[in-house]
Amino acid sequence: MTTQPRLFDTPAHEQTPEQRRFYAYTEIAYTIVDFSAAACFVIGSILFFYASLSVPATWLFLIGSLLFAAKPSIRLWRELKLLRMGDYKDLAQRK
């Protein structure tokens with residue numbers, strides 16, 4: 001008997017090769033966003049040492065914040081897509 005997959009609960013041994021590949025791609029995207037956000041904050045922090053560069057520093061802080069906000073969006077998109085990629089044939093036959 002197959003149970004319906006739940007959000008954020010997709011064991012690796014139950015995933016198809018397509019699901020594992022998609023999961024890997026989204027993890028790479030998540031990591032790139034994470035590093036980019038951190039770089040924006042570090043560079044922005046350095047720029048704040050110079051008064052003449054406060055505007056670019058502020059923009060980098062805003063961009064870094066938006067990138068950090070994108071992280072949960074990537075995770076939610078991944079989990080919803082993995083749910084849609086699941087096998088629902090067995091679920092339709094359950095009583």
# chains A, B, ... in the order shown; residues from 1 in each chain; ligands from 1

$ residues_around --residues "A:Ala38" --least-positions-apart "2" --cutoff "10 Å" --atoms "only C-alpha atoms" --output "list in words"
Ile32, Val33, Asp34, Phe35, Ser36, Cys40, Phe41, Val42, Ile43, Gly44, Phe61, Gly64, Ser65, Leu67 and Phe68 of chain A

$ residues_around --residues "A:Trp77" --least-positions-apart "2" --cutoff "12 Å" --atoms "only C-alpha atoms" --output "JSON, numbers by chain"
{"A": [7, 8, 22, 23, 26, 27, 29, 30, 70, 71, 72, 73, 74, 75, 79, 80, 81, 82, 83, 84]}

$ atom_distance --atom1 "atom CA of A:Pro17" --atom2 "atom CA of A:Ala69"
29.0 Å

$ atom_distance --atom1 "atom CA of A:Ile46" --atom2 "atom CA of A:Thr58"
11.2 Å

$ closest_residue --among "A:Met85, A:Leu62, A:Leu47, A:Leu53" --to "A:Glu18" --atoms "only C-alpha atoms"
A:Met85
